[in-house]
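S.K.: Next comes input.txt, compact mmCIF, C-alpha atoms:
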```
# COMPACT_ATOMS: atom_id res chain seq x y z
CA THR A 1 21.51 172.79 -42.18
CA HIS A 2 24.16 170.52 -43.45
CA PRO A 3 22.56 167.24 -44.52
CA ASN A 4 25.28 165.08 -43.07
CA ARG A 5 24.98 166.75 -39.69
CA THR A 6 21.22 166.31 -39.70
CA SER A 7 21.44 162.68 -40.59
CA ARG A 8 23.97 162.08 -37.90
CA ARG A 9 21.68 163.70 -35.34
CA ILE A 10 18.73 161.56 -36.42
CA ARG A 11 20.76 158.40 -36.27
CA ARG A 12 21.95 159.27 -32.75
CA VAL A 13 18.40 159.87 -31.54
CA ASP A 14 17.05 156.69 -33.12
CA VAL A 15 19.75 154.45 -31.72
CA ASN A 16 20.50 155.84 -28.31
CA ALA A 17 17.29 157.62 -27.28
CA PRO A 18 15.69 156.27 -24.03
CA LEU A 19 12.21 154.78 -23.93
CA THR A 20 9.25 157.09 -24.05
CA PRO A 21 6.98 157.60 -21.01
CA SER A 22 4.43 155.10 -22.37
CA HIS A 23 7.00 152.32 -22.33
CA ALA A 24 8.97 152.86 -19.07
CA PRO A 25 8.26 154.29 -15.59
CA ALA A 26 9.40 157.82 -14.93
CA PRO A 27 12.23 157.00 -12.47
CA LEU A 28 13.80 154.52 -14.90
CA ARG A 29 13.42 156.96 -17.80
CA HIS A 30 15.13 159.75 -15.86
CA SER A 31 17.94 157.48 -14.76
CA VAL A 32 18.59 156.31 -18.32
CA ALA A 33 18.48 159.83 -19.69
CA SER A 34 20.74 161.26 -16.99
CA SER A 35 23.25 158.47 -17.50
CA ARG A 36 23.83 159.42 -21.14
CA PRO A 37 25.63 162.71 -21.71
CA GLY A 38 24.13 164.86 -24.39
CA LEU A 39 20.70 163.33 -24.19
CA ASN A 40 19.28 165.20 -21.18
CA HIS A 41 16.10 166.27 -22.89
CA TYR A 42 12.58 164.87 -23.24
CA HIS A 43 10.29 166.91 -25.42
CA GLY A 44 12.13 170.01 -24.46
CA ALA A 45 12.25 169.36 -20.66
CA SER A 46 15.53 168.84 -18.87
CA ALA A 47 16.03 165.56 -16.89
CA PRO A 48 16.21 165.81 -13.09
CA PRO A 49 19.63 165.45 -11.47
CA GLN A 50 20.76 162.11 -9.93
CA ALA A 51 20.07 163.19 -6.29
CA THR A 52 16.46 163.96 -7.21
CA VAL A 53 16.07 160.52 -8.82
CA ARG A 54 17.43 158.78 -5.74
CA ARG A 55 15.07 160.70 -3.47
CA ALA A 56 12.12 159.79 -5.67
CA ALA A 57 13.12 156.13 -5.55
CA ARG A 58 13.30 156.20 -1.75
CA ARG A 59 9.87 157.85 -1.53
CA ALA A 60 8.40 155.23 -3.87
CA ALA A 61 9.84 152.44 -1.74
CA SER A 62 8.36 153.90 1.43
CA ALA A 63 4.96 154.71 -0.10
CA PRO A 64 1.82 153.16 1.52
CA SER A 65 0.98 149.67 0.35
CA HIS A 66 -2.44 150.63 -1.05
CA TYR A 67 -0.92 152.59 -3.96
CA PHE A 68 -1.40 150.92 -7.33
CA GLY A 69 -2.71 147.75 -5.71
CA ALA A 70 0.70 146.79 -4.34
CA SER A 71 0.96 144.28 -1.56
CA ALA A 72 1.91 145.37 1.93
CA PRO A 73 5.64 145.43 2.68
CA PRO A 74 6.85 142.59 4.88
CA GLN A 75 6.54 143.37 8.56
CA PRO A 76 9.52 142.88 10.84
CA PRO A 77 9.33 139.61 12.83
CA VAL A 78 7.76 139.83 16.26
CA GLN A 79 10.37 139.56 18.94
CA ARG A 80 9.29 136.92 21.47
CA SER A 81 11.05 136.67 24.74
CA THR A 82 12.65 133.28 25.33
CA PRO A 83 11.72 131.84 28.76
CA THR A 84 14.65 131.59 31.07
CA LEU A 85 15.68 128.44 32.89
CA ALA A 86 14.40 129.86 36.17
CA SER A 87 10.95 130.59 34.72
CA ARG A 88 10.69 127.13 33.20
CA MET A 89 11.70 125.52 36.50
CA SER A 90 9.15 127.57 38.42
CA THR A 91 6.44 126.52 35.94
CA ALA A 92 7.36 122.86 36.32
CA ILE A 93 7.41 123.14 40.11
CA SER A 94 4.01 124.81 40.16
CA ARG A 95 2.55 122.04 38.02
CA THR A 96 4.05 119.43 40.31
CA ARG A 97 2.62 121.18 43.37
CA ARG A 98 -0.84 121.36 41.84
CA SER A 99 -0.85 117.59 41.24
CA SER A 100 0.72 116.74 44.57
CA PRO A 101 -1.19 115.83 47.72
CA PRO A 102 -1.48 118.45 50.47
CA LYS A 103 1.71 119.13 52.42
CA SER A 104 0.47 117.33 55.51
CA HIS A 105 -2.82 115.71 56.51
CA ILE A 106 -3.89 113.06 58.97
CA LEU A 107 -6.29 110.15 58.52
CA LYS A 108 -7.63 108.65 61.73
CA TYR A 109 -8.83 105.06 61.97
CA THR A 110 -10.95 103.78 64.83
CA ALA A 111 -11.12 100.00 65.11
CA PRO A 112 -14.67 98.62 65.43
CA LEU A 113 -15.66 96.69 68.53
CA SER A 114 -16.67 93.71 66.39
CA LEU A 115 -16.63 92.72 62.74
CA SER A 116 -19.70 91.79 60.79
CA THR A 117 -19.74 88.16 59.72
CA GLY A 118 -21.66 86.47 56.96
CA VAL A 119 -22.71 87.67 53.55
CA PRO A 120 -24.49 91.04 53.30
CA SER A 121 -28.13 90.57 52.43
CA ASP A 122 -27.90 92.81 49.35
CA ALA A 123 -25.07 90.65 47.97
CA LEU A 124 -27.24 87.56 47.47
CA CYS A 125 -29.82 86.63 44.85
CA THR A 126 -31.66 83.54 43.64
CA PRO A 127 -29.69 81.18 41.38
CA PRO A 128 -30.09 81.91 37.65
CA VAL A 129 -32.32 79.63 35.58
CA SER A 130 -29.35 78.54 33.49
CA CYS A 131 -27.59 77.07 36.54
CA ASN A 132 -27.20 73.29 36.50
CA MET A 133 -28.31 72.23 39.97
CA LYS A 134 -26.76 68.79 39.46
CA GLU A 135 -23.31 70.32 39.77
CA TYR A 136 -21.28 70.19 42.98
CA CYS A 137 -20.97 73.01 45.51
CA ILE A 138 -17.35 74.09 45.43
CA ILE A 139 -17.30 74.49 49.24
CA CYS A 140 -18.79 71.19 50.47
CA HIS A 141 -18.68 69.14 47.22
CA ASP A 142 -22.29 68.04 47.57
CA HIS A 143 -24.83 68.42 44.77
CA LEU A 144 -26.40 71.86 44.69
CA ASP A 145 -29.94 70.48 44.58
CA GLU A 146 -29.54 68.72 47.93
CA ARG A 147 -29.94 71.93 50.01
CA PRO A 148 -31.14 75.53 49.52
CA CYS A 149 -28.84 77.58 47.32
CA VAL A 150 -28.09 81.23 46.66
CA ALA A 151 -26.02 83.14 44.09
CA LEU A 152 -23.74 86.12 44.52
CA ASN A 153 -24.89 89.27 42.77
CA ALA A 154 -21.36 90.24 41.77
CA CYS A 155 -20.47 87.10 39.80
CA LYS A 156 -23.60 84.86 39.80
CA HIS A 157 -21.71 81.87 41.24
CA VAL A 158 -24.04 79.49 43.14
CA PHE A 159 -23.42 77.88 46.55
CA HIS A 160 -25.35 76.29 49.35
CA THR A 161 -26.69 79.03 51.63
CA ASP A 162 -25.05 77.68 54.77
CA CYS A 163 -21.76 77.05 52.93
CA ILE A 164 -21.33 80.61 51.65
CA GLN A 165 -22.23 82.07 55.05
CA LEU A 166 -19.51 79.94 56.64
CA ALA A 167 -16.97 80.88 53.95
CA PHE A 168 -17.56 84.59 54.48
CA LYS A 169 -16.52 84.36 58.11
CA SER A 170 -12.92 83.88 56.97
CA LYS A 171 -12.83 86.18 53.93
CA PRO A 172 -15.61 88.26 52.26
CA GLN A 173 -15.02 87.17 48.69
CA CYS A 174 -16.33 84.66 46.18
CA PRO A 175 -14.66 81.26 46.73
CA VAL A 176 -14.54 80.70 42.95
CA CYS A 177 -13.37 83.94 41.32
CA ARG A 178 -12.15 85.83 44.42
CA ALA A 179 -14.42 88.79 43.64
CA PRO A 180 -14.73 90.97 46.77
CA ILE A 181 -18.22 91.14 48.26
CA GLY A 182 -19.02 94.29 50.19
CA LYS A 183 -16.39 96.52 51.74
CA PRO A 184 -13.29 94.74 53.02
CA GLN A 185 -12.56 95.00 56.75
CA GLY A 186 -9.20 94.29 58.36
CA HIS A 187 -8.01 93.69 61.92
CA SER A 188 -5.89 96.77 62.48
CA PRO A 189 -5.93 98.51 65.88
CA SER A 190 -6.82 102.19 66.06
CA GLY A 191 -4.26 104.77 65.00
CA THR A 192 -3.34 107.61 62.64
CA MET A 193 -1.83 107.86 59.17
CA THR A 194 0.00 111.13 58.45
CA VAL A 195 0.86 111.98 54.83
CA SER A 196 3.31 114.71 53.82
CA VAL A 197 5.73 115.57 51.01
CA LYS A 198 9.47 115.71 51.59
CA PRO A 199 12.30 116.93 49.32
CA THR A 200 14.19 113.65 49.66
CA ARG A 201 14.14 111.36 46.63
CA CYS A 202 13.48 107.67 46.33
CA SER A 203 16.40 105.96 44.63
CA GLY A 204 15.79 105.75 40.88
CA PHE A 205 13.31 108.67 40.77
CA ARG A 206 13.92 112.37 40.06
CA VAL A 207 10.99 113.72 42.08
CA ASP A 208 10.43 114.41 45.76
CA SER A 209 8.88 111.79 48.03
CA ILE A 210 5.53 111.17 49.66
CA PHE A 211 6.20 110.39 53.31
CA ILE A 212 3.72 108.24 55.24
CA ALA A 213 3.93 107.99 59.04
CA TYR A 214 1.81 105.41 60.86
CA ASN A 215 1.28 105.74 64.60
CA ILE A 216 -0.60 102.98 66.42
CA PRO A 217 -0.56 103.19 70.22
CA SER A 218 -0.73 100.13 72.44
CA GLY A 219 -4.18 99.01 73.53
CA VAL A 220 -6.49 96.10 74.26
CA GLN A 221 -7.15 93.41 71.67
CA MET A 222 -10.65 93.12 70.25
CA ASN A 223 -12.69 89.93 69.97
CA TYR A 224 -11.45 89.42 66.39
CA HIS A 225 -7.78 89.37 67.49
CA GLU A 226 -5.77 86.36 68.66
CA HIS A 227 -6.13 87.07 72.39
CA PRO A 228 -9.19 89.24 73.06
CA GLY A 229 -8.87 91.40 76.16
CA ARG A 230 -5.09 91.09 76.31
CA GLN A 231 -2.80 94.09 75.87
CA HIS A 232 -1.06 94.51 72.53
CA GLY A 233 2.02 96.53 71.71
CA GLY A 234 2.04 99.73 69.69
CA LYS A 235 3.84 100.49 66.43
CA CYS A 236 5.35 103.48 64.67
CA ALA A 237 6.28 102.89 61.04
CA ASN A 238 7.28 105.06 58.08
CA ALA A 239 6.85 104.46 54.36
CA TYR A 240 7.89 106.25 51.17
CA LEU A 241 6.44 106.70 47.69
CA PRO A 242 7.80 108.70 44.75
CA ASN A 243 5.71 111.80 44.20
CA ASN A 244 4.69 110.95 40.63
CA VAL A 245 1.49 109.66 39.02
CA ASP A 246 2.11 106.04 40.04
CA GLY A 247 2.95 107.04 43.61
CA GLN A 248 -0.10 109.29 43.98
CA ASN A 249 -2.44 106.64 42.58
CA LEU A 250 -1.01 104.03 44.95
CA LEU A 251 -1.35 106.50 47.82
CA LYS A 252 -5.12 106.68 47.25
CA ARG A 253 -5.39 102.92 47.56
CA LEU A 254 -3.16 102.82 50.64
CA LYS A 255 -5.42 105.41 52.28
CA TYR A 256 -8.46 103.28 51.56
CA SER A 257 -6.62 100.24 52.90
CA TRP A 258 -5.80 102.14 56.09
CA LEU A 259 -9.35 103.38 56.58
CA GLN A 260 -10.63 99.79 56.25
CA GLY A 261 -8.12 98.41 58.77
CA LEU A 262 -6.17 96.38 56.17
CA SER A 263 -2.67 97.76 56.72
CA PHE A 264 -1.88 96.24 60.15
CA THR A 265 -2.98 93.42 62.42
CA VAL A 266 -2.15 91.99 65.86
CA GLY A 267 -0.03 88.88 66.12
CA THR A 268 3.53 87.62 66.55
CA SER A 269 6.27 89.88 65.22
CA PHE A 270 8.36 88.29 62.45
CA THR A 271 11.33 90.45 63.46
CA THR A 272 11.44 89.88 67.24
CA GLY A 273 9.24 86.81 67.65
CA ILE A 274 7.27 88.53 70.42
CA ALA A 275 3.54 87.77 70.56
CA ASP A 276 0.68 90.26 70.90
CA GLN A 277 2.37 92.91 68.78
CA CYS A 278 1.03 95.23 66.12
CA THR A 279 2.54 94.01 62.83
CA TRP A 280 2.25 94.69 59.13
CA ALA A 281 -0.62 92.90 57.37
CA SER A 282 -0.51 91.72 53.77
CA VAL A 283 0.06 95.13 52.12
CA HIS A 284 3.76 95.74 51.50
CA HIS A 285 5.28 99.18 52.11
CA LYS A 286 8.67 100.65 51.28
CA THR A 287 10.20 101.73 54.59
CA SER A 288 13.35 103.23 53.04
CA THR A 289 14.20 105.48 50.09
CA HIS A 290 17.15 103.27 49.08
CA GLY A 291 18.52 99.78 49.58
CA GLY A 292 16.57 98.01 46.84
CA ALA A 293 14.01 95.25 47.26
CA GLN A 294 16.16 93.36 49.77
CA GLY A 295 16.34 96.44 52.03
CA HIS A 296 12.60 97.23 51.72
CA GLY A 297 13.49 100.30 49.67
CA TYR A 298 14.03 101.60 46.16
CA PRO A 299 14.81 100.93 43.38
CA ASP A 300 12.38 98.05 42.94
CA PRO A 301 10.87 97.89 39.42
CA GLY A 302 8.18 95.40 40.45
CA TYR A 303 6.96 97.19 43.58
CA PHE A 304 3.98 99.06 42.10
CA GLY A 305 2.71 95.98 40.26
CA ASN A 306 3.08 93.72 43.30
CA CYS A 307 1.51 96.16 45.75
CA ASN A 308 -1.45 96.87 43.45
CA SER A 309 -1.99 93.12 43.03
CA GLU A 310 -2.09 92.71 46.82
CA LEU A 311 -4.64 95.51 47.10
CA ASP A 312 -6.72 93.94 44.31
CA SER A 313 -6.84 90.66 46.19
CA LEU A 314 -8.13 92.49 49.27
CA GLY A 315 -10.96 94.12 47.36
CA VAL A 316 -9.50 97.66 47.39
CA PRO A 317 -11.01 99.77 44.57
CA SER A 318 -8.83 101.14 41.81
CA ALA A 319 -7.35 104.64 42.03
CA GLN A 320 -9.85 105.89 39.44
CA GLU A 321 -12.71 104.92 41.80
CA LEU A 322 -11.23 106.77 44.79
CA ASN A 323 -10.95 110.38 45.87
CA ASP A 324 -7.71 111.93 47.06
CA ASP A 325 -8.65 111.25 50.69
CA GLY A 326 -9.13 107.53 50.04
CA SER A 327 -12.93 107.56 50.05
CA THR A 328 -14.96 106.03 47.23
CA LYS A 329 -16.46 108.32 44.61
```
How does the structure come out when it is put into structure tokens?

M.R.:
Amino acid sequence: THPNRTSRRIRRVDVNAPLTPSHAPAPLRHSVASSRPGLNHYHGASAPPQATVRRAARRAASAPSHYFGASAPPQPPVQRSTPTLASRMSTAISRTRRSSPPKSHILKYTAPLSLSTGVPSDALCTPPVSCNMKEYCIICHDHLDERPCVALNACKHVFHTDCIQLAFKSKPQCPVCRAPIGKPQGHSPSGTMTVSVKPTRCSGFRVDSIFIAYNIPSGVQMNYHEHPGRQHGGKCANAYLPNNVDGQNLLKRLKYSWLQGLSFTVGTSFTTGIADQCTWASVHHKTSTHGGAQGHGYPDPGYFGNCNSELDSLGVPSAQELNDDGSTK
């Protein structure tokens, strides 16, 4: 062989020859070899054509992830269905209905023939040792040590026994701190309180309304009314609350107030001036869904605070202490 030709062949192999199998993977080696004309040989074997290389590459890409310790190929993202507006609205409505009072229920109140007077026996105790008996009784302003004394269990305030019994005839609460003693009892005539939910909205709120209907028929006044034995007029009245958390909590307290006879009384009507009528007592109600505070309606930002304060002063338990029907837990 001609020496120059041999040397040229050696130089071509040394410079342009692809990597050996120990230095490069087979697909890359084939692709390099097939891309260089005249060098389609490896140790006497011909390189595969380009179509074969591409097929091998596709098979390698789709091979199972456990080959050669390779990590699993990324999985396509899970397609989650986006809730529609209708489904979200139905969910919200169902939640509202679960937290709402029953659609319609009636609470009946029967006025007692007479009211208990005086302090309940279980509400009294002996004065504490720390009490200074030289102090004055807040009711009669005489020294405590001048007559027999008792203390109230609820607050431990000390009074003369006859003084506190007299004070309880007007209002069953401590004369010092106004703590209610025993269950409060109002002067309402007998009647019914019907509670339902209506789709109308109270002004300023984006929920439906709790509708309260009071129905008190005419009857005969009891001995704790202004004119016992005389006929009194009846009353039908409506009230509204927004059907939200504040409205439902206030509803519990209004139910308790109704069941204790605190919502109405018998007296002279402020509207007509006629005597012996069934009138509102000291618990304010909203009789309209609009009109503001001046129209006995909404919006009235201070209504919930004012009404709850009135109920506190009457000794009505908090909403957390009451069941949905107004009874104590």

S.K.: Between A:Val150, A:Met133, A:Met193, A:Cys236, which one has atoms that come closest to Ser218 of chain A, using only C-alpha atoms?

M.R.: A:Cys236

S.K.: Could you work out how far atom CA of Tyr298 of chain A lies from atom CA of Pro199 of chain A, giving the answer in Å with one decimal?

M.R.: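 Going from atom CA of Pro199 of chain A over to atom CA of Tyr298 of chain A, I get 15.7 Å.
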
S.K.: Please provide the set of residues having any atom within 10 Å of Ala179 of chain A, restricted to only C-alpha atoms, with same-chain residues fewer than 6 positions apart removed, written as number ranges by chain.

M.R.: A: 152, 154-155, 172-173, 312-315

S.K.: By how many Å are atom CA of Thr287 of chain A and atom CA of Cys202 of chain A apart?

M.R.: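 These atoms are spaced 10.7 Å apart.
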
S.K.: Counting all atoms listed in the file, figure out which residue out of A:Val119, A:Val220, A:Leu251, A:Ala239 gets nearest to Gly182 of chain A.

M.R.: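 Selected residue with least distance to Gly182 of chain A: A:Val119.
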
S.K.: Could you please determine the separation between atom CA of Thr271 of chain A and atom CA of Ser114 of chain A in Å, to one decimal place?

M.R.: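 According to the coordinates, atom CA of Thr271 of chain A and atom CA of Ser114 of chain A are separated by 28.3 Å.
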
S.K.: Need the shell around Tyr240 of chain A: protein/DNA/RNA residues with any atom at most 6 Å away, counting only C-alpha atoms. Skip same-chain ones fewer than 4 positions apart. Format as a list in words?

M.R.: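 Listing them by chain and then by number gives Ile210, Phe211 and Lys286 of chain A.
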
S.K.: I need the residue nearest Leu124 of chain A from this list: A:Ser104, A:Thr279, A:Asn153, A:Gln294. Use all atoms listed in the file for the distance.

M.R.: A:Asn153

S.K.: Could you check which of A:Asp325, A:Asp145, A:Asp208, A:Asp300 is closest to Ser257 of chain A, using all atoms listed in the file?

M.R.: A:Asp325

S.K.: Around (-16.9, 93.1, 57.5), as given in the file, which residues come within 10 Å? Count all atoms listed in the file and list them as a ChimeraX atom specification.

M.R.: /A:112,114-120,168-169,171-172,181-187,260

S.K.: So which residues touch Thr126 of chain A within 12 Å, counting all atoms listed in the file, skipping near sequence neighbours fewer than 3 positions away, as a PyMOL selection string?

M.R.: chain A and resi 121-123+129-131+148-153+156-161

S.K.: Would you please work out which residue, of A:Pro189, A:Pro317, A:Pro301, A:Gly234, is nearest to Met222 of chain A when using all atoms listed in the file?

M.R.: A:Pro189
